Structures are given as C-alpha cells and as structure tokens.
$ cat coords_17.cif   # mmCIF, C-alpha atoms
data_data
loop_
_atom_site.label_atom_id
_atom_site.label_comp_id
_atom_site.auth_asym_id
_atom_site.auth_seq_id
_atom_site.Cartn_x
_atom_site.Cartn_y
_atom_site.Cartn_z
CA MET F 1 0.00 0.00 0.00
CA ILE F 2 1.05 3.59 -0.70
CA SER F 3 0.65 6.08 2.14
CA LEU F 4 0.46 9.68 0.95
CA ILE F 5 1.37 11.86 3.93
CA ILE F 6 0.43 15.55 3.80
CA CYS F 7 1.31 17.83 6.70
CA THR F 8 -0.41 21.19 6.69
CA TYR F 9 -0.37 24.49 8.54
CA ASN F 10 -2.82 27.23 7.52
CA ARG F 11 -2.98 26.42 3.81
CA ASP F 12 -6.75 26.30 3.35
CA LYS F 13 -6.38 28.11 0.02
CA PHE F 14 -4.73 25.08 -1.61
CA ILE F 15 -5.35 22.01 0.56
CA TYR F 16 -8.56 20.95 -1.22
CA GLN F 17 -6.88 21.23 -4.64
CA THR F 18 -3.94 19.21 -3.35
CA LEU F 19 -6.28 16.42 -2.24
CA GLN F 20 -8.40 16.64 -5.39
CA HIS F 21 -5.37 16.06 -7.62
CA ILE F 22 -4.72 12.84 -5.71
CA ALA F 23 -8.36 11.80 -6.11
CA ASP F 24 -8.11 12.41 -9.86
CA ASN F 25 -5.54 9.62 -10.19
CA ASN F 26 -6.96 6.55 -11.92
CA PHE F 27 -5.59 4.14 -9.34
CA ASP F 28 -7.12 1.33 -7.30
CA ARG F 29 -8.60 2.99 -4.19
CA SER F 30 -7.69 -0.03 -2.05
CA GLU F 31 -3.99 0.42 -2.91
CA PHE F 32 -3.43 3.80 -1.25
CA GLU F 33 -4.37 5.95 1.71
CA ILE F 34 -4.13 9.67 2.41
CA VAL F 35 -2.79 10.56 5.85
CA LEU F 36 -3.38 14.25 6.52
CA VAL F 37 -1.79 15.82 9.59
CA ASN F 38 -3.20 19.16 10.72
CA ASN F 39 -0.42 20.93 12.64
CA ASN F 40 -2.62 23.28 14.69
CA CYS F 41 -4.18 25.17 11.78
CA THR F 42 -6.16 28.27 12.70
CA ASP F 43 -7.76 28.86 9.30
CA ASN F 44 -10.42 26.94 7.35
CA THR F 45 -8.28 23.83 6.78
CA ASP F 46 -10.45 21.58 8.94
CA ALA F 47 -13.61 22.44 6.98
CA GLU F 48 -11.86 21.97 3.63
CA CYS F 49 -10.62 18.53 4.67
CA LYS F 50 -14.08 17.50 5.85
CA ARG F 51 -15.51 18.67 2.53
CA PHE F 52 -13.05 16.47 0.67
CA ALA F 53 -13.80 13.47 2.92
CA ASN F 54 -17.55 13.86 2.37
CA GLU F 55 -17.16 14.12 -1.40
CA HIS F 56 -14.76 11.17 -1.66
CA SER F 57 -16.03 8.52 0.72
CA ASP F 58 -14.44 5.86 -1.52
CA ILE F 59 -10.94 7.07 -0.60
CA ASP F 60 -9.21 5.96 2.59
CA PHE F 61 -8.74 9.48 3.98
CA ARG F 62 -7.35 9.60 7.52
CA TYR F 63 -7.23 12.90 9.36
CA PHE F 64 -5.15 13.71 12.45
CA VAL F 65 -4.25 16.76 14.52
CA GLU F 66 -0.68 17.00 15.77
CA THR F 67 -0.50 19.44 18.67
CA LYS F 68 3.32 19.54 18.85
CA GLN F 69 4.20 22.44 16.58
CA GLY F 70 6.64 21.91 13.74
CA LEU F 71 6.90 20.15 10.40
CA SER F 72 9.14 17.39 11.75
CA HIS F 73 6.64 16.59 14.52
CA ALA F 74 3.84 16.47 11.95
CA ARG F 75 5.80 14.25 9.57
CA ASN F 76 6.67 11.85 12.36
CA ARG F 77 3.01 11.68 13.32
CA GLY F 78 2.22 10.85 9.72
CA ILE F 79 4.77 8.03 9.79
CA ASP F 80 3.29 6.65 13.02
CA GLU F 81 -0.25 6.68 11.63
CA SER F 82 0.53 5.33 8.15
CA ARG F 83 -0.13 1.71 7.20
CA GLY F 84 1.64 1.52 3.84
CA ASP F 85 4.94 -0.04 2.86
CA ILE F 86 5.75 3.01 0.70
CA LEU F 87 5.56 6.41 2.44
CA VAL F 88 5.22 9.52 0.27
CA PHE F 89 5.53 13.06 1.59
CA LEU F 90 3.77 15.82 -0.34
CA ASP F 91 3.50 19.51 0.47
CA ASP F 92 0.05 20.92 1.16
CA ASP F 93 0.31 23.05 -1.99
CA ALA F 94 1.78 20.40 -4.32
CA PHE F 95 -0.40 19.06 -7.14
CA VAL F 96 0.41 15.51 -8.29
CA ARG F 97 0.24 14.54 -11.93
CA GLY F 98 -2.71 12.43 -13.08
CA ASP F 99 -0.61 9.25 -13.30
CA TYR F 100 1.42 9.87 -10.14
CA MET F 101 0.61 6.68 -8.27
CA GLN F 102 0.82 4.48 -11.36
CA VAL F 103 4.30 5.86 -12.01
CA LEU F 104 5.33 5.40 -8.38
CA ARG F 105 4.19 1.79 -8.25
CA ARG F 106 5.96 0.99 -11.54
CA GLN F 107 9.21 2.69 -10.57
CA MET F 108 9.36 1.02 -7.16
CA GLU F 109 8.76 -2.39 -8.75
CA GLN F 110 11.42 -1.78 -11.41
CA HIS F 111 13.92 -0.48 -8.86
CA PRO F 112 13.71 -2.69 -5.76
CA GLU F 113 17.06 -1.25 -4.63
CA ALA F 114 15.47 2.18 -4.10
CA MET F 115 15.01 2.66 -0.37
CA ALA F 116 14.18 6.34 -0.80
CA PHE F 117 13.23 8.50 -3.74
CA GLY F 118 12.34 11.92 -5.02
CA GLY F 119 10.60 13.22 -8.11
CA LYS F 120 10.43 16.22 -10.37
CA ILE F 121 9.03 19.42 -8.85
CA THR F 122 7.91 22.14 -11.23
CA PRO F 123 7.23 25.60 -9.74
CA LEU F 124 3.74 26.95 -10.35
CA PHE F 125 4.03 30.69 -9.82
CA GLU F 126 0.80 32.10 -8.49
CA SER F 127 1.55 35.43 -10.20
CA GLY F 128 1.94 33.68 -13.56
CA GLU F 129 5.50 35.03 -14.00
CA GLU F 130 8.90 33.61 -13.12
CA PRO F 131 11.16 35.87 -11.05
CA ALA F 132 14.09 37.38 -12.97
CA TRP F 133 16.60 35.64 -10.69
CA LEU F 134 15.32 32.11 -11.34
CA GLY F 135 18.00 29.95 -12.96
CA LYS F 136 20.05 26.79 -12.66
CA TRP F 137 21.69 27.78 -9.39
CA THR F 138 18.57 29.24 -7.79
CA TYR F 139 15.98 26.65 -8.85
CA SER F 140 15.98 24.99 -5.44
CA TRP F 141 15.10 28.29 -3.74
CA VAL F 142 11.51 27.68 -4.82
CA SER F 143 11.70 23.99 -3.79
CA ALA F 144 11.96 22.91 -7.43
CA ILE F 145 14.06 20.12 -8.91
CA ASP F 146 14.68 18.70 -12.38
CA LYS F 147 17.54 16.23 -12.80
CA GLY F 148 16.72 15.30 -16.37
CA SER F 149 14.73 12.55 -18.06
CA SER F 150 16.52 9.48 -16.68
CA VAL F 151 16.35 7.61 -13.39
CA VAL F 152 19.53 8.63 -11.56
CA PRO F 153 20.81 8.35 -7.99
CA PHE F 154 21.05 11.29 -5.61
CA GLU F 155 24.78 11.40 -4.98
CA GLY F 156 27.16 13.61 -3.01
CA ASN F 157 25.36 16.52 -1.38
CA SER F 158 22.18 16.16 -3.45
CA TYR F 159 18.97 14.77 -2.00
CA PRO F 160 15.21 14.89 -2.70
CA ILE F 161 13.08 17.92 -1.82
CA GLY F 162 10.26 17.60 0.70
CA ALA F 163 7.43 18.65 -1.60
CA ASN F 164 7.80 15.32 -3.44
CA MET F 165 9.83 12.63 -1.68
CA GLY F 166 9.38 9.24 -0.06
CA PHE F 167 10.78 6.13 1.59
CA ARG F 168 10.15 2.47 1.93
CA LYS F 169 8.82 1.84 5.43
CA GLU F 170 11.74 -0.45 6.18
CA CYS F 171 14.12 2.42 5.41
CA ILE F 172 12.48 4.62 8.06
CA ASP F 173 12.57 1.71 10.51
CA ALA F 174 16.32 1.33 9.94
CA CYS F 175 17.33 5.00 9.75
CA GLY F 176 14.91 6.67 12.14
CA LYS F 177 12.38 9.46 11.75
CA PHE F 178 12.78 13.21 11.30
CA ASN F 179 14.87 15.23 13.76
CA THR F 180 12.37 17.39 15.65
CA GLU F 181 15.06 19.96 16.50
CA LEU F 182 15.13 20.84 12.79
CA GLY F 183 12.51 21.90 10.27
CA ARG F 184 9.93 24.61 9.94
CA SER F 185 7.58 25.62 12.69
CA LYS F 186 4.72 28.04 11.98
CA LYS F 187 6.26 30.90 10.01
CA ASN F 188 9.96 30.33 10.66
CA LEU F 189 12.00 29.11 7.70
CA MET F 190 14.31 26.64 9.39
CA GLY F 191 15.23 23.51 7.47
CA GLY F 192 17.85 20.78 7.58
CA GLU F 193 15.56 17.92 8.60
CA GLU F 194 15.46 16.51 5.07
CA LYS F 195 19.24 16.68 4.63
CA ASP F 196 19.62 15.07 8.07
CA ILE F 197 17.42 12.07 7.33
CA PHE F 198 18.82 11.51 3.83
CA ASN F 199 22.36 11.65 5.20
CA ARG F 200 21.39 8.83 7.56
CA VAL F 201 19.99 6.89 4.61
CA LYS F 202 23.26 7.37 2.71
CA GLU F 203 25.28 6.26 5.73
CA LYS F 204 23.46 2.92 5.46
CA ASN F 205 24.52 2.77 1.78
CA TYR F 206 20.87 2.67 0.75
CA ALA F 207 20.00 3.85 -2.76
CA ILE F 208 18.12 7.15 -3.14
CA LEU F 209 16.79 7.50 -6.69
CA TYR F 210 15.35 10.33 -8.75
CA PHE F 211 12.23 9.38 -10.73
CA PRO F 212 11.80 11.95 -13.54
CA ASP F 213 8.19 11.05 -14.34
CA LEU F 214 7.06 11.24 -10.71
CA GLU F 215 6.05 14.86 -10.99
CA VAL F 216 4.22 17.49 -8.97
CA GLN F 217 3.53 21.17 -9.50
CA HIS F 218 4.38 23.25 -6.46
CA VAL F 219 2.53 26.52 -5.88
CA ILE F 220 4.83 29.49 -5.29
CA PRO F 221 3.04 32.61 -3.96
CA PRO F 222 4.46 36.06 -4.83
CA GLN F 223 5.89 36.62 -1.34
CA ARG F 224 8.23 33.64 -1.79
CA THR F 225 10.03 35.44 -4.62
CA THR F 226 10.87 38.62 -2.71
CA LYS F 227 14.28 39.70 -1.43
CA GLU F 228 12.93 39.75 2.12
CA TYR F 229 11.82 36.13 1.89
CA ILE F 230 15.19 35.02 0.47
CA LYS F 231 16.98 36.73 3.36
CA LYS F 232 14.69 35.09 5.90
CA MET F 233 15.18 31.70 4.24
CA ALA F 234 18.96 32.12 4.31
CA LEU F 235 18.84 32.91 8.03
CA GLY F 236 16.68 29.85 8.68
CA ILE F 237 19.05 27.60 6.74
CA GLY F 238 22.04 29.00 8.63
CA VAL F 239 20.48 28.36 12.03
CA SER F 240 19.43 24.87 10.95
CA GLU F 241 22.89 24.00 9.61
CA ARG F 242 24.47 25.12 12.88
CA LEU F 243 22.15 22.84 14.87
CA ARG F 244 22.52 19.93 12.46
CA THR F 245 26.32 19.99 12.22
CA LEU F 246 26.89 20.54 15.96
CA ARG F 247 24.66 17.52 16.60
CA ILE F 248 27.15 15.47 14.56
CA SER F 249 30.39 16.94 15.96
CA LYS F 250 32.31 20.17 16.40
CA PHE F 251 34.55 19.09 13.53
CA SER F 252 31.55 18.80 11.23
CA TYR F 253 30.45 22.28 12.33
CA LEU F 254 33.88 23.81 11.58
CA GLN F 255 34.05 21.95 8.27
CA ARG F 256 30.70 23.45 7.26
CA ILE F 257 31.96 26.96 8.05
CA VAL F 258 35.06 26.37 5.90
CA ASN F 259 32.90 25.11 3.04
CA GLU F 260 30.78 28.24 3.21
CA MET F 261 33.89 30.45 3.23
CA VAL F 262 35.07 28.70 0.07
CA LYS F 263 31.64 29.18 -1.49
CA TRP F 264 31.65 32.87 -0.61
CA GLY F 265 35.17 33.28 -2.02
CA GLY F 266 34.25 31.56 -5.26
CA GLY F 267 31.10 33.62 -5.57
CA CYS F 268 32.98 36.87 -5.08
CA CYS F 269 35.56 35.88 -7.72
CA TYR F 270 32.79 35.01 -10.15
CA LEU F 271 31.05 38.33 -9.51
CA SER F 272 34.30 40.20 -10.12
CA TRP F 273 34.91 38.34 -13.39
CA ILE F 274 31.39 39.00 -14.69
CA TYR F 275 31.59 42.68 -13.73
CA ALA F 276 34.91 43.05 -15.56
CA ALA F 277 33.56 41.24 -18.63
CA ARG F 278 30.45 43.40 -18.61
CA THR F 279 32.46 46.61 -18.40
CA ILE F 280 34.83 45.64 -21.21
CA CYS F 281 32.01 44.45 -23.47
CA GLU F 282 29.86 47.54 -22.93
CA ARG F 283 32.75 49.93 -23.57
CA SER F 284 33.83 48.01 -26.68
CA CYS F 285 30.30 48.00 -28.04
CA ALA F 286 29.93 51.70 -27.35
CA VAL F 287 32.92 52.35 -29.63
CA VAL F 288 32.65 49.61 -32.27
CA PHE F 289 28.91 49.67 -33.04
CA PRO F 290 28.74 53.37 -33.95
CA ILE F 291 31.83 52.99 -36.21
CA LEU F 292 30.21 50.08 -38.05
CA CYS F 293 27.10 52.24 -38.50
CA ASN F 294 29.26 55.18 -39.67
CA GLN F 295 28.45 57.17 -36.54
CA ARG F 296 30.60 58.87 -33.94
CA PRO F 297 30.94 57.01 -30.62
CA SER F 298 28.75 58.54 -27.96
CA GLN F 299 28.32 58.19 -24.25
CA GLN F 300 24.66 57.36 -24.80
CA ALA F 301 25.61 54.20 -26.70
CA THR F 302 26.98 52.68 -23.53
CA GLY F 303 23.62 52.95 -21.84
CA ASN F 304 21.70 51.62 -24.84
CA ILE F 305 23.88 48.54 -25.38
CA ASN F 306 23.77 46.60 -22.14
CA PHE F 307 24.18 42.91 -22.81
CA PHE F 308 24.82 42.07 -19.19
CA ASN F 309 21.89 43.72 -17.42
CA SER F 310 21.20 42.82 -13.83
CA SER F 311 18.28 40.50 -14.56
CA ILE F 312 20.45 38.34 -16.86
CA ILE F 313 23.22 38.23 -14.28
CA ARG F 314 20.79 37.12 -11.59
CA HIS F 315 19.32 34.54 -13.98
CA HIS F 316 22.73 32.91 -14.28
CA GLY F 317 23.10 32.38 -10.59
CA LEU F 318 25.00 35.24 -9.08
CA LEU F 319 22.78 35.06 -6.02
CA ILE F 320 24.00 31.51 -5.35
CA VAL F 321 25.91 32.54 -2.23
CA MET F 322 23.58 32.70 0.78
CA PRO F 323 24.54 33.93 4.24
CA PHE F 324 24.74 30.88 6.48
CA LEU F 325 24.71 32.54 9.88
CA PHE F 326 26.47 30.33 12.39
CA LEU F 327 26.05 32.69 15.33
#
$ encode --input "coords_17.cif" --output "structure tokens"
Amino acid sequence: MISLIICTYNRDKFIYQTLQHIADNNFDRSEFEIVLVNNNCTDNTDAECKRFANEHSDIDFRYFVETKQGLSHARNRGIDESRGDILVFLDDDAFVRGDYMQVLRRQMEQHPEAMAFGGKITPLFESGEEPAWLGKWTYSWVSAIDKGSSVVPFEGNSYPIGANMGFRKECIDACGKFNTELGRSKKNLMGGEEKDIFNRVKEKNYAILYFPDLEVQHVIPPQRTTKEYIKKMALGIGVSERLRTLRISKFSYLQRIVNEMVKWGGGCCYLSWIYAARTICERSCAVVFPILCNQRPSQQATGNINFFNSSIIRHHGLLIVMPFLFL
C-alpha cells in the first residue's frame, strides 16, 4: 500500500486542490491511503478537509491533529499513523500529476534497490510570471528540482526535496524518523531535517533514486520570490545547519563553516569576473557599433547597449551565495 502523507499548517487556500489532484488519479482505491496531519491550523483547513472526505467517501482518507508544533513533529506523526509499505511526503500546496501513483508503483517495482526516492518538482508561480533571478543555481530556492529525463541516484550533497519525496517503510525503521530539532515551525524558515534524514539513509549505503516522471507542480506565492523572503530563508538555513552539524560533531560544524567560506570566495571571484567582462564588453560595443554604422561614438551608446543587465546576471546564478549565519 502507498501512504500519501500531507502535513499542513494554515494552507486552506490550496489544501482541497492538493487532495483533489490525488483523487483524480486513476488508481485502485484499495492500494493507497491519504494521511493528513493538521499541525494546529487556525484557518479553514479543517472544513476543507471534511468537505473532501464527504465528497470522496471511496478514498481511505485519515485525518489527524498533531499538537506539537513543527513540520518534523507532523511528519513523524504521519509516519506513526501510516499503514503503507511506501511512504510519500507531499506539500500541502503540491499538485500531483494524473498518473502519479501508477508511475510510483511501476518505478518502485522496477527499482527494488530504491530505499528512498524523489521526483520532479515544477514551480507553479501564483503570479503567472517567473522571477528574474530564477535559474540553474537558484531553482531549489523555490523547492523545485529537475535532474533530467533518466532515473539517476542522488549522490554527493544532493537529495530529494520535501514537496515530493518518499521512503520504503523499512528504510524509516532502519534510519529513524525526522529530527524534531530541525525543520519549519509556523512561520519560521528553518530547514535541515530533510538533509539530516537523507544523510542517515546514505550512511546505510541505501540507494536514493530520482524518478523523472514522478512529478508534482508546487505553488509558489508572490511573497516567496521577494528579497525579504530570500533573506529570511537564508537565516533559517544558517540556524538549521548550525544545529545539524553541531549535533554530529564540532569538527563537522567547523568543516561546514570552511565550506561556506570557500563558497563565498568563489562567488565573489565570479562576480568580479562578470563585472569586468560586462564593463569591457559595454565599452567596446559603445565604440565599435557606432563605427560600423558610420556614426561617432557617444556616451549614450553605452547605456543603450547593455548585454549584461542585472536581470540576466541574476538569472545565471549570481545570487547563489547565501549567508549561512552560524552565530
């Protein structure tokens, strides 16, 4: 059986749609269950879930309230209440594809070595427009992932993203549940609990696979694309990394700081190189283009010919360096 675990906190705007996309799957109702964990919602979530349950009495929909605040507490409650041998975690604003469960069943049968897995996450911007800074190096900032069209392992420092990830039950039994010291709680943006559990899976030498056709669309509201949100997210990640690495050892903590210093240094060098290239190119164009057009070079040409404007620079990842605050 597949257990689809959805933990929610004040997302009544999308929770019904999230559940409805699951219901739209043409999959044997006896082969899956939905385990929804309400983490002390204060909005209309409860009513929306009851509406779904009433309209879909043929689906095994199990509803729980977890009073301990925090995503890790809610996920662990979902694990405790689930009855499936495959546990899937979906965000409360993630819309599964119409063949999601068929794909999952097929992939898990074809890859018995997969003890954990993650799928493709496509951002669904509520505003209808992608932010100018979205690119290869910033894709994960909106909890999105696309590793190509083939089944590949998550290796090195890569791991699935929580909006679309899962485990075999035996993997959780062997590696343990989510660390409740990490993860989001209400409106804070702490993280690290996913990296922590997948690191434990890797320590067991269990395979973690990426399934490209196991896809969800993840709703991204406008506020998640603002500079203020990115700063808050960076702070949350920094605090989480400090807690996570110190829990391992002081050496791991110091090693993480060194890695971030290297990342900052590389980012600064890259910024300097791009700025120099931009300056040279703009000045050259300001001189060469007018000559080719039989015109005198002018100062205005420099402003008109700007091949390296800030939006393009951001698109190519110059915001990759985030402030991990280990204080």
$ resolve_selection --input "coords_17.cif" --expression "the PyMOL selection byres ((chain F and resi 12) around 9)" --output "PyMOL selection string"
chain F and resi 8-11+13-16+41+43-49+92
$ resolve_selection --input "coords_17.cif" --expression "the PyMOL selection byres ((chain F and resi 152) around 12)" --output "number ranges by chain"
F: 107, 111, 114, 117-120, 146-151, 153-155, 158-160, 207-213
$ atom_distance --input "coords_17.cif" --atom1 "CA of Ser3 (chain F)" --atom2 "CA of Arg105 (chain F)"
11.8 Å
$ residues_around --input "coords_17.cif" --residues "region 72-77 of chain F" --least-positions-apart "3" --cutoff "9 Å" --atoms "all atoms listed in the file" --output "PyMOL selection string"
chain F and resi 5-8+37-39+64-69+80-82+89+177-185+193
$ write_last_selection --input "coords_17.cif" --atoms "C-alpha atoms" --output "PDB file, in the frame of the given file"
ATOM      1  CA  ILE F   5       1.370  11.860   3.930  1.00  0.00           C
ATOM      2  CA  ILE F   6       0.430  15.550   3.800  1.00  0.00           C
ATOM      3  CA  CYS F   7       1.310  17.830   6.700  1.00  0.00           C
ATOM      4  CA  THR F   8      -0.410  21.190   6.690  1.00  0.00           C
ATOM      5  CA  VAL F  37      -1.790  15.820   9.590  1.00  0.00           C
ATOM      6  CA  ASN F  38      -3.200  19.160  10.720  1.00  0.00           C
ATOM      7  CA  ASN F  39      -0.420  20.930  12.640  1.00  0.00           C
ATOM      8  CA  PHE F  64      -5.150  13.710  12.450  1.00  0.00           C
ATOM      9  CA  VAL F  65      -4.250  16.760  14.520  1.00  0.00           C
ATOM     10  CA  GLU F  66      -0.680  17.000  15.770  1.00  0.00           C
ATOM     11  CA  THR F  67      -0.500  19.440  18.670  1.00  0.00           C
ATOM     12  CA  LYS F  68       3.320  19.540  18.850  1.00  0.00           C
ATOM     13  CA  GLN F  69       4.200  22.440  16.580  1.00  0.00           C
ATOM     14  CA  ASP F  80       3.290   6.650  13.020  1.00  0.00           C
ATOM     15  CA  GLU F  81      -0.250   6.680  11.630  1.00  0.00           C
ATOM     16  CA  SER F  82       0.530   5.330   8.150  1.00  0.00           C
ATOM     17  CA  PHE F  89       5.530  13.060   1.590  1.00  0.00           C
ATOM     18  CA  LYS F 177      12.380   9.460  11.750  1.00  0.00           C
ATOM     19  CA  PHE F 178      12.780  13.210  11.300  1.00  0.00           C
ATOM     20  CA  ASN F 179      14.870  15.230  13.760  1.00  0.00           C
ATOM     21  CA  THR F 180      12.370  17.390  15.650  1.00  0.00           C
ATOM     22  CA  GLU F 181      15.060  19.960  16.500  1.00  0.00           C
ATOM     23  CA  LEU F 182      15.130  20.840  12.790  1.00  0.00           C
ATOM     24  CA  GLY F 183      12.510  21.900  10.270  1.00  0.00           C
ATOM     25  CA  ARG F 184       9.930  24.610   9.940  1.00  0.00           C
ATOM     26  CA  SER F 185       7.580  25.620  12.690  1.00  0.00           C
ATOM     27  CA  GLU F 193      15.560  17.920   8.600  1.00  0.00           C
TER      28      GLU F 193
END
$ resolve_selection --input "coords_17.cif" --expression "the PyMOL selection byres ((chain F and resi 167) around 10)" --output "list in words"
Asp85, Ile86, Leu87, Val88, Phe89, Ala114, Met115, Ala116, Phe117, Gly118, Met165, Gly166, Arg168, Lys169, Glu170, Cys171, Ile172, Phe198, Val201 and Ile208 of chain F
$ closest_residue --input "coords_17.cif" --among "F:Pro221, F:Gly98, F:Gly265, F:Gly156" --to "Pro131 (chain F)" --atoms "all atoms listed in the file"
F:Pro221
$ atom_distance --input "coords_17.cif" --atom1 "CA of Thr42 (chain F)" --atom2 "CA of Asp91 (chain F)"
17.9 Å
$ closest_residue --input "coords_17.cif" --among "F:Leu134, F:Ile248, F:Met1, F:Ile257" --to "Leu104 (chain F)" --atoms "only C-alpha atoms"
F:Met1
$ closest_residue --input "coords_17.cif" --among "F:Ile197, F:Val142, F:Leu254, F:Met261" --to "Thr226 (chain F)" --atoms "all atoms listed in the file"
F:Val142
$ atom_distance --input "coords_17.cif" --atom1 "CA of Ile22 (chain F)" --atom2 "CA of Gly128 (chain F)"
23.2 Å
$ axis_aligned_box --input "coords_17.cif" --around "region 24-40 of chain F" --padding-each-side "3 Å" --output "lines of an AutoDock Vina configuration file"
center_x = -4.5
center_y = 11.6
center_z = 1.4
size_x = 14.2
size_y = 29.3
size_z = 32.6
$ residues_near_point --input "coords_17.cif" --point "(3.3, 12.2, -12.4)" --cutoff "8 Å" --atoms "only C-alpha atoms" --output "VMD selection string"
chain F and resid 96 to 101 103 213 to 216
$ residues_around --input "coords_17.cif" --residues "Ala53 (chain F)" --least-positions-apart "4" --cutoff "12 Å" --atoms "all atoms listed in the file" --output "MDAnalysis selection string"
chainID F and resid 16 19:20 23 34:36 46:49 57:63
